[in-house]
Every structure is written in C-alpha cells, then in structure tokens.
Amino acid sequence: MNVLLFGATGMVGQGVLRECLLDPGVELVVSIGRSATGGRSASDVSNPKLREIVHADLTDYSTIELQLTGFDACFFCLGVSSVGMEEERYRHLTYDVTLAAAKTLSRLNPQMVFVYVTGRGTDSTEQGRLMWARVKGKTENDLLKLPFKAAYMFRPAGIQPLHGIKSKTAWVQAIYAGAAPLLALLNRVAPKYMTTTEQVGRAMIKVARDGYPKPVLESEDINRI
Ligand SMILES: NC(=O)c1ccc[n+]([C@@H]2O[C@H](COP(=O)([O-])OP(=O)(O)OC[C@H]3O[C@@H](n4cnc5c(N)ncnc54)[C@H](OP(=O)(O)O)[C@@H]3O)[C@@H](O)[C@H]2O)c1
C-alpha cells in the first residue's frame, strides 16, 4: 500500500506515520505539508519508506500533480483547534484546505481510500449550535460525495499520545502530559472517550486495506479495529 499523509508533523499525524513505517504492508509513505517532519519523534528521515513533499499552498496542487498519483490511501490528519479562532479562518483551514486536497486526489487516484480525522460530536446536520462541529460536519459530508473508492471519517474523542509523540498545540500537550496516567485508565474503561495515537494509526491502515461496514467511525470503533 502506498500512503499519502497530511499533518505528519502534528500529534495525530506523527502517530499515523509511526504505524505506517512499522507496518510491513505499507511500502511507501509520502508526507505532505507546509513543513517537513524531520526531527520529530515519530519521523525517521533515513527510513527508505518515507518521502516528504513540502508545499506552501495547501489549497492549490496544480504544480505538483505528477507527484500525487499512484496512491492507495490518503490519511488526512492536518487540522486545527477552533479555540480562539474566527469562524472564517477555521472554515478555511478545515473545509477549504481539506476539500482542495481531496478533490485533486479523487481525480488523480480514483482507487484511493481517503481517511479524514474529525472528532467526537461532529455535526452531520451542519445546523447545530457549535461552530467547529458544523464546519467539520460539512467537511465530512462533502468528502463523502467525492468519487473515491471509499472514504472514512474518524471521530476520536480524546487521543493519548504514545511513544514520545507531542501535540503542536501547547494547551493540548499540557493537558495530555499532566493527565497521562488517567488517560491510560480511561482508554481501558471508557473506549468511547479515549483512544491512542497507536490505535488511530493502526485503524487507519486496517480500514484502508480491508474496508469498514460504515463510513463514520467513533472512538469505540477505532479501538475495536
Ligand atoms: N489531539 C486530539 O486529542 C484530537 C482529538 C480529536 C480530534 N483531533 C483532530 O485531529 C486533527 C489533528 O490534530 P492534532 O492533535 O494532530 O493537531 P496538532 O498536533 O496541532 O497538528 C496539526 C497539524 O496540522 C498542520 N497545520 C496546522 N495549521 C496549519 C496551517 N495553517 N497550514 C498548514 N498546516 C497546518 C500542522 O502542520 P505544521 O507542522 O506545518 O504546523 C500539523 O501537521 C485535528 O483536526 C483535530 O481536530 C485531535
């Protein structure tokens, strides 16, 4: 399986990258983003399975389309927290950036399985009270209309970072670092509310390879895979 990975410098993406590099069924991982993964905990730049594309404008891929063909799966882990962000900016980074990539990729790779990370509470009606949930809901809904072989929406609640992986968002990292023992316990007793970077990465690879009976996976689905 050849995998294209967005957000490999972030907490979720680092976890997914680690699992892809460890999985013998993944032959190639190409990370793409505005910055390279070099030096981050999950990244091994000397690993022959890993290649990196640094691309400044993540809404326009016209100059690099040749490098975006031949992929079986895209794991889209790029995303931001809505905390303290205006709706217009959040919508741009969440909806516009994701759909720009997905539209290009579905045209270039009709056999691709696209996996997107949203979050627990995402609002499929697009009408609810919470801004982030409406924007993520519209993003999910429009991704599911694109002509991919299949698309899966991952909706984790909390994600415990393992193997030295860190969030890029300082307040998220502070919470996860401070509460690590509690999170490990929660993962065991309340899989609805807590998963790990390792479980997310492994589940993405599994659904890309074998499919899943439904397009939206909640935390407990991710943990069960
Ligand atoms: N962390 C959690 O517990 C959790 C739980 C549920 C859902 N999620 C979702 O998972 C996704 C990833 O979260 P995360 O925790 O991995 O976040 P993170 O650690 O803050 O990483 C964010 C990633 O998005 C990229 N990014 C952010 N702003 C960007 C911009 N303006 N332009 C281009 N790239 C940008 C970053 O790239 P750079 O290195 O270039 O900044 C990085 O790769 C988000 O959609 C989040 O809502 C996270």
# chains A, B, ... in the order shown; residues from 1 in each chain; ligands from 1
call {"tool": "closest_atom_pairs", "arguments": {"of": "chain A", "to": "ligand 1", "cutoff": "7 Å", "atoms": "only C-alpha atoms and all ligand atoms", "output": "tab-separated table"}}
result
residue	atom	partner	partner_atom_place_in_ligand_line	distance
A:Phe6	CA	ligand 1	43 (O)	6.9
A:Gly7	CA	ligand 1	43 (O)	3.3
A:Ala8	CA	ligand 1	43 (O)	5.1
A:Thr9	CA	ligand 1	43 (O)	4.0
A:Gly10	CA	ligand 1	21 (O)	3.1
A:Met11	CA	ligand 1	16 (O)	3.6
A:Val12	CA	ligand 1	16 (O)	3.7
A:Gly13	CA	ligand 1	16 (O)	5.6
A:Gly33	CA	ligand 1	34 (N)	6.0
A:Arg34	CA	ligand 1	40 (O)	4.8
A:Ser35	CA	ligand 1	40 (O)	4.6
A:Leu58	CA	ligand 1	33 (C)	6.7
A:Cys77	CA	ligand 1	12 (C)	5.0
A:Leu78	CA	ligand 1	24 (O)	3.7
A:Gly79	CA	ligand 1	45 (O)	3.4
A:Val80	CA	ligand 1	44 (C)	5.0
A:Ser81	CA	ligand 1	47 (O)	5.5
A:Leu93	CA	ligand 1	31 (N)	6.1
A:Val117	CA	ligand 1	10 (O)	5.2
A:Thr118	CA	ligand 1	45 (O)	5.3
A:Gly119	CA	ligand 1	7 (C)	4.2
A:Arg120	CA	ligand 1	6 (C)	6.8
A:Arg155	CA	ligand 1	7 (C)	6.5
A:Pro156	CA	ligand 1	6 (C)	4.8
A:Ala157	CA	ligand 1	6 (C)	4.9
A:Gly158	CA	ligand 1	3 (O)	4.5
A:Ile159	CA	ligand 1	3 (O)	4.2
A:Gln160	CA	ligand 1	3 (O)	6.8
A:Lys166	CA	ligand 1	19 (O)	6.8
A:Ser167	CA	ligand 1	19 (O)	3.7
A:Lys168	CA	ligand 1	19 (O)	3.9
A:Thr169	CA	ligand 1	20 (O)	4.5
A:Val172	CA	ligand 1	1 (N)	6.8
call {"tool": "residues_around", "arguments": {"residues": "segment 101-109 of chain A", "least_positions_apart": "4", "cutoff": "8 Å", "atoms": "only C-alpha atoms", "output": "VMD selection string"}}
result
chain A and resid 58 to 61 65 68 to 72 97 114 143 146 to 148
call {"tool": "atom_distance", "arguments": {"atom1": "atom CA of Met194 of chain A", "atom2": "atom CA of Leu99 of chain A"}}
result
27.4 Å
call {"tool": "select_by_dssp", "arguments": {"residues": "segment 36-145 of chain A", "states": "helix (DSSP H, G or I)", "output": "JSON, numbers by chain"}}
result
{"A": [65, 66, 67, 68, 87, 88, 89, 90, 91, 92, 93, 94, 95, 96, 97, 98, 99, 100, 101, 102, 103, 104, 105, 106, 107, 108, 131, 132, 133, 134, 135, 136, 137, 138, 139, 140, 141, 142, 143]}
call {"tool": "atom_distance", "arguments": {"atom1": "atom CA of Gln14 of chain A", "atom2": "atom CA of Thr37 of chain A"}}
result
8.5 Å
call {"tool": "residues_around", "arguments": {"residues": "Lys206 of chain A", "least_positions_apart": "2", "cutoff": "12 Å", "atoms": "only C-alpha atoms", "output": "compact mmCIF listing (two decimals) with C-alpha atoms, in the first residue's frame"}}
result
# COMPACT_ATOMS: atom_id res chain seq x y z
CA MET A 1 0.00 0.00 0.00
CA VAL A 16 -0.12 7.54 11.97
CA GLU A 19 2.40 2.94 12.43
CA CYS A 20 2.80 3.25 8.64
CA ASP A 23 3.60 -1.89 9.03
CA GLY A 25 2.12 -3.90 4.24
CA VAL A 26 2.84 -0.20 3.74
CA ALA A 73 -4.69 5.65 0.61
CA PHE A 75 -4.62 9.73 5.71
CA VAL A 113 -9.28 5.26 0.15
CA VAL A 115 -9.46 8.75 5.72
CA TYR A 152 -13.92 7.03 6.16
CA GLN A 199 -4.79 2.78 17.83
CA VAL A 200 -5.71 5.59 15.41
CA GLY A 201 -2.76 4.80 13.13
CA ARG A 202 -3.39 1.06 13.10
CA ALA A 203 -7.12 1.52 12.50
CA MET A 204 -6.47 3.84 9.53
CA ALA A 208 -7.72 1.41 4.05
CA ARG A 209 -6.71 -2.21 3.47
CA ASP A 210 -9.89 -4.10 4.40
CA GLY A 211 -12.70 -1.53 4.42
CA TYR A 212 -15.24 -1.00 7.21
CA ASP A 221 -14.97 1.67 16.53
CA ILE A 222 -11.36 2.86 16.25
CA ASN A 223 -10.44 0.97 19.43
CA ARG A 224 -12.23 -2.21 18.33
CA ILE A 225 -10.42 -2.50 14.97
call {"tool": "closest_residue", "arguments": {"among": "A:Val54, A:Leu17, A:Val135, A:Ala179", "to": "Thr98 of chain A", "atoms": "only C-alpha atoms"}}
result
A:Val135
call {"tool": "select_by_dssp", "arguments": {"residues": "chain A", "states": "strand (DSSP E or B)", "output": "ChimeraX atom specification"}}
result
/A:2-6,28-33,50-54,73-76,113-117,150-155,158-160,194-196,216-218
call {"tool": "atom_distance", "arguments": {"atom1": "atom CA of Ile53 of chain A", "atom2": "atom CA of Ser31 of chain A"}}
result
6.1 Å
call {"tool": "residues_around", "arguments": {"residues": "Asp123 of chain A", "least_positions_apart": "4", "cutoff": "10 Å", "atoms": "only C-alpha atoms", "output": "MDAnalysis selection string"}}
result
chainID A and resid 119 127:138 140:141
call {"tool": "closest_residue", "arguments": {"among": "A:Met153, A:Val30, A:Phe76, A:Gly121", "to": "Lys214 of chain A", "atoms": "only C-alpha atoms"}}
result
A:Met153
